[in-house]
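Chemist: Just dropping this structure here.
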Number of protein chains: 2
Amino acid sequence: METLKVIRLGCVGLGGRGQSQMREMMSVPGVTVAACCDKHLDRAEAAAKSAAALQEEPPAVYTNYKELLARTDIDAILCCSTWITHARIAIDSMRAGKDVAIEVGGAASVEECWRMVRASEETGKVCMLLENCCYDRKEMALFRMVREGLFGEIVHLEGGYRHDLREEICYGRENRHGRLPNFIARNGELYPTHQLGPIAKMIGINRGNRFLTLCSLASKSRGLRVFVQKREGAEYHLANTRFNCGDVVSTTITCANGETIHLTHDCSLPRPYSRAYMIEGTNGIFQEAPFGNAIYLEDNSPPDTGWDHTWERFEDTYLPRYEHPLWDRYRAQGIHAGGHGGMDFLVCSAFIRALQTGTPPPIDVYDTAAWMVITCLSEQSVAMGGAPVPIPDFTNGAWIEREPFARTAFCLEDICEECFCN
Amino acid sequence: METLKVIRLGCVGLGGRGQSQMREMMSVPGVTVAACCDKHLDRAEAAAKSAAALQEEPPAVYTNYKELLARTDIDAILCCSTWITHARIAIDSMRAGKDVAIEVGGAASVEECWRMVRASEETGKVCMLLENCCYDRKEMALFRMVREGLFGEIVHLEGGYRHDLREEICYGRENRHGRLPNFIARNGELYPTHQLGPIAKMIGINRGNRFLTLCSLASKSRGLRVFVQKREGAEYHLANTRFNCGDVVSTTITCANGETIHLTHDCSLPRPYSRAYMIEGTNGIFQEAPFGNAIYLEDNSPPDTGWDHTWERFEDTYLPRYEHPLWDRYRAQGIHAGGHGGMDFLVCSAFIRALQTGTPPPIDVYDTAAWMVITCLSEQSVAMGGAPVPIPDFTNGAWIEREPFARTAFCLEDICEECFCN
């Protein structure tokens, strides 16, 4: 057995999500939670107590993250605060000499994304968005299939965060939930990274490709008001709230290599959950669909029997055949079956392994900035009636010659030899 | 039995589609084909011969449609010429005192749409786009469900023409097929009306609502070149053709009442056929999907059993329950099962019935112009990198007070009393 470097972690932002991500981090070998911080003391204490039950050392407790950052015995920060504080805390963490992993969410300004990038470049510290959907079993198998050329040249991709969150937005699991003020105040693609992260990896964004522009258009906002009035009546404190965020926000991104990516943010209407993936290339298509994920590949699918091509079921044939090696190993080990089907554990594990081995993180600060910035750019475009806005190149031209996709990214370094990434 | 007014029809443009639509028209009671015209004499003669076998009078044959229009014994024109000649022939037909039905396709300029509108207004003649998908069984049941409020307030809709036409584009069913030059020369939403027509009817476009703006973005163009090179090798005459049309063109339309409509044109990649409908309202969603059409309606679907809402199968429950009366009658009669599952007959029948009864056509010149104009506006937006472009109000403000949706449109007048349209 190798001797693992111990990573002493400070956790900042310990609502429901923060506490579950802290526990995922603790299930990765070599992690000790050294400190817990939340602006609400009760949360920080609850998290510290829960951590103390799993390790020898009881974590210190803070309500001011800057005090936590001043400690010299902490290697890395897990940041699960509200959406609009992620970047600021990440920047302060790196400037304090700590690597940082941040929970997903969009950026509030282009400038904070640049500051994250410069902080990472100037300090050499890791800044990794914990985009768990990059580590979902289906997405990783699809990533492998794209990499192995099964779809031919990729031309168009779609994804969405289509999730009925009306109850979580209007009530929250706790009173201090962060979504509500964002849906009241902002209008745009508030939550782009679940769908965009895996897509960006597939088409080598920041490694031979980059996002160029986006256009965003928002529907009217009706879902949340109808929901609260129906559920609570006209007297409820939110019954006449004006929610600025359109129920469905449609965003189309163009890329340097000619691909288009269509994203849909759709969280305030009654509908079953979907990340609404579609991958289209010169050899075929994958589509996430209500009654099973569908695939058609011209060179692979059975010959047409009717007037048209026939969908195959992705899970029946392709998923087992193109299982990503990381998932092969993960399933073989049969452990750490954590949040969201295991992808939370895998993304936390990838962050910790990068720190332990000193290898580049699979999701780096350029990815983090490029994915998060979509939110504030989308707001700008919506505000201008869908006008195209440029997406910054946070690599400052380095994308042109950075190693092609997947060479260093999106797999755990120690299985590179056995997987498709070489 | 009522005595039907005989409609003497002149058919202009008699390729494969023109000939099949001519036969659909002839299966409507009271129709006589008086003349057949195609710039290729062999086609006009073939159509006339085929018509002569079904009626007593042998149709006259023309190669110049203006000679056909000069006849005084013709009531109406069926125009199935190439896409870019539809509007011109429709305008000339109305100016010559004939009602006109035109096969689907997009417009080449905003100006020709205005000229269609003015020609209809000034002559009092009908100009009806034969948008057969408005008469599809599924679309009509959905229209009824929208009208009856099952989806709540409609917020967002999607549709596509996602149809692998590579073979038809590159070879055509005959050498004189019209698609190829359009895919070589143009870049935009070339074929919007199949999906947009039914959607426009659902949300009352031109009757209390209207299209405001659109943004269109195009992916790179790869599908057709890869197809011809793979199929025919490097020496084939199209092997190095540069196709201007992006493989996937994404268009988002905004409406006066706040709805967004997302359209996808996707005809040059290998994929199963889909019109990709989605309807989202404050009470639920319909989605056309690979393994069956899916629906979830908060007030109607069974209660959730897991962590999320559950899709129902549209065909199992909703389609039979919300069958449109027109389809009820059509199925009961069990006749005229013509092209595309019957919708070709129904749309031709609707045109002829409007002329016979003197009632407004269910798809009028304002609908025709508003749906067709999307093509040239999309080309403009693509050319400007997705910049929003305004969509003309062809009603010149009349949409504000025109009768609300479905009162006069989208059903045959003689079943209005028994259906949901009143």
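Following the order of the structure tokens, first chain is A, next is B, and so on, with residues numbered from 1 inside each chain and ligands from 1 in the order they appear.
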Could you please select, counting only C-alpha atoms, the residues of chain A within 8 Å of chain B and state them as a ChimeraX atom specification?
Modeler: /A:155-156,215,217-223,226,247-248,250,252,254,257-260,262,269-273,280-285,289-292,294,296-298,308-311,385-388
Chemist: Could you pull out the strand (DSSP E or B) residues of segment 13-235 of chain A from DSSP and send them as an MDAnalysis selection string?
Modeler: chainID A and resid 31:37 60:62 76:79 99:102 127:129 154:162 205 209 211:218
Chemist: Step one, run DSSP on the backbone; step two, keep only residues of segment 8-250 of chain B assigned to helix (DSSP H, G or I); then write them as a count of residues only.
Modeler: 102
Chemist: Which neighbours of Asn244 of chain A fall inside 6 Å, counting only C-alpha atoms, when residues of the same chain fewer than 6 positions from it are skipped, and could you give them as a list of chain:residue names?
Modeler: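 Within the cut-off, the hits are A:Ile184, A:Ala185, A:Arg186, A:Asn187.
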Chemist: Atoms to include: all heavy atoms. Write the selected residues as a tab-separated table (two decimals), in the first residue's frame.
Modeler:
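Just written: result-v7.tsv:
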chain	number	residue	atom	x	y	z
A	184	ILE	N	-35.47	35.41	-7.33
A	184	ILE	CA	-36.19	36.68	-7.26
A	184	ILE	C	-35.46	37.77	-8.04
A	184	ILE	O	-36.07	38.53	-8.78
A	184	ILE	CB	-36.37	37.12	-5.78
A	184	ILE	CG1	-37.35	36.18	-5.07
A	184	ILE	CG2	-36.86	38.57	-5.69
A	184	ILE	CD1	-37.51	36.44	-3.58
A	185	ALA	N	-34.13	37.78	-7.92
A	185	ALA	CA	-33.39	38.93	-8.44
A	185	ALA	C	-32.85	38.77	-9.85
A	185	ALA	O	-32.82	39.72	-10.62
A	185	ALA	CB	-32.22	39.24	-7.49
A	186	ARG	N	-32.43	37.57	-10.20
A	186	ARG	CA	-31.67	37.40	-11.45
A	186	ARG	C	-32.52	36.79	-12.56
A	186	ARG	O	-33.48	36.09	-12.29
A	186	ARG	CB	-30.46	36.50	-11.20
A	186	ARG	CG	-29.59	36.99	-10.08
A	186	ARG	CD	-28.56	35.94	-9.68
A	186	ARG	NE	-27.37	35.94	-10.53
A	186	ARG	CZ	-26.31	35.15	-10.32
A	186	ARG	NH1	-26.30	34.29	-9.31
A	186	ARG	NH2	-25.27	35.21	-11.12
A	187	ASN	N	-32.10	36.98	-13.81
A	187	ASN	CA	-32.76	36.35	-14.93
A	187	ASN	C	-31.71	35.84	-15.90
A	187	ASN	O	-31.09	36.62	-16.63
A	187	ASN	CB	-33.71	37.33	-15.63
A	187	ASN	CG	-34.62	36.65	-16.65
A	187	ASN	OD1	-34.61	35.42	-16.76
A	187	ASN	ND2	-35.39	37.44	-17.37
Chemist: Name all residues at most 10 Å from Ser109 of chain A (count only C-alpha atoms; drop same-chain ones fewer than 6 positions away) and give them as a ChimeraX atom specification.
Modeler: /A:84,87,372-377,379
Chemist: Can you list, as a list in words, every protein, DNA or RNA residue that comes within 6 Å of segment 394-403 of chain A when you count only C-alpha atoms, leaving out same-chain residues fewer than 3 positions away?
Modeler: Asn206, Arg207, Gly208 and Tyr366 of chain A
Chemist: Write to file, as a compact mmCIF listing (two decimals), in the first residue's frame, the residues of the selection just made, with all heavy atoms.
Modeler:
# COMPACT_ATOMS: atom_id res chain seq x y z
N ASN A 206 -10.86 24.43 -23.65
CA ASN A 206 -9.59 24.89 -23.05
C ASN A 206 -8.40 24.00 -23.41
O ASN A 206 -7.29 24.22 -22.92
CB ASN A 206 -9.69 25.03 -21.52
CG ASN A 206 -10.67 26.12 -21.12
OD1 ASN A 206 -10.83 27.10 -21.84
ND2 ASN A 206 -11.33 25.95 -19.99
N ARG A 207 -8.63 23.04 -24.25
CA ARG A 207 -7.56 22.15 -24.75
C ARG A 207 -7.79 21.91 -26.24
O ARG A 207 -8.25 20.85 -26.65
CB ARG A 207 -7.59 20.82 -23.99
CG ARG A 207 -7.32 20.98 -22.50
CD ARG A 207 -7.37 19.69 -21.72
NE ARG A 207 -7.03 19.94 -20.34
CZ ARG A 207 -5.78 20.07 -19.88
NH1 ARG A 207 -4.75 19.94 -20.70
NH2 ARG A 207 -5.56 20.32 -18.60
N GLY A 208 -7.49 22.92 -27.02
CA GLY A 208 -7.69 22.81 -28.46
C GLY A 208 -9.03 23.35 -28.93
O GLY A 208 -9.30 23.35 -30.14
N TYR A 366 -9.18 26.98 -15.20
CA TYR A 366 -9.69 27.47 -16.48
C TYR A 366 -11.06 26.88 -16.78
O TYR A 366 -11.97 27.55 -17.26
CB TYR A 366 -8.70 27.16 -17.61
CG TYR A 366 -7.34 27.72 -17.33
CD1 TYR A 366 -6.25 26.89 -17.04
CD2 TYR A 366 -7.12 29.10 -17.30
CE1 TYR A 366 -5.01 27.41 -16.76
CE2 TYR A 366 -5.88 29.64 -17.01
CZ TYR A 366 -4.81 28.79 -16.73
OH TYR A 366 -3.59 29.31 -16.44
Chemist: So how many Å separate atom CA of Ser381 of chain A and atom CA of Arg210 of chain B, to one decimal?
Modeler: 21.9 Å
Chemist: If we count only C-alpha atoms, what is near Gln55 of chain B at a cut-off of 9 Å, once residues fewer than 3 positions away on the same chain are taken out, given as JSON, numbers by chain?
Modeler: {"B": [26, 32, 33, 51, 52, 58]}
Chemist: Counting only C-alpha atoms, figure out which residue out of B:Ile89, B:Ile279, B:Ile199, B:Ala47 gets nearest to Asn64 of chain B.
Modeler: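 When distances to Asn64 of chain B are compared using only C-alpha atoms, the smallest one comes from B:Ile89.
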Chemist: Looking at only C-alpha atoms, which of B:Asn209, B:Asn240, B:Asn182, B:Ser349 is the one that sits closest to Met22 of chain B?
Modeler: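 For Met22 of chain B, the nearest of the given residues is B:Ser349.
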Chemist: Using atom CA of Gln380 of chain A and atom CA of Cys267 of chain A as the two end points, give the distance in Å to one decimal.
Modeler: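 Going from atom CA of Gln380 of chain A over to atom CA of Cys267 of chain A covers 19.7 Å.
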Chemist: For the atom pair atom CA of Val110 of chain B and atom CA of Ala369 of chain B, what is the interatomic distance in Å to one decimal place?
Modeler: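 Computing the Euclidean distance for atom CA of Val110 of chain B and atom CA of Ala369 of chain B yields 8.7 Å.
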Chemist: Please report as a Markdown table every residue of segment 175-257 of chain B lying within 8 Å of segment 135-149 of chain B, along with the nearest atom pair and their distance in Å (one decimal), using only C-alpha atoms.
Modeler:
| residue | atom | partner | partner_atom | distance |
| --- | --- | --- | --- | --- |
| B:Pro198 | CA | B:Glu139 | CA | 6.5 |
| B:Lys201 | CA | B:Phe143 | CA | 7.5 |
| B:Met202 | CA | B:Phe143 | CA | 5.5 |
Chemist: So, counting only C-alpha atoms, which residue among A:Ala107, A:Ala119, A:Ala200, A:Ala96 is closest to Arg71 of chain A?
Modeler: A:Ala96
Chemist: Which residues come within 12 Å of Ile7 of chain A, counting only C-alpha atoms, excluding same-chain residues fewer than 3 positions away, as an MDAnalysis selection string?
Modeler: chainID A and resid 4 10 25:26 28:34 73:78 98:100 349 351:358
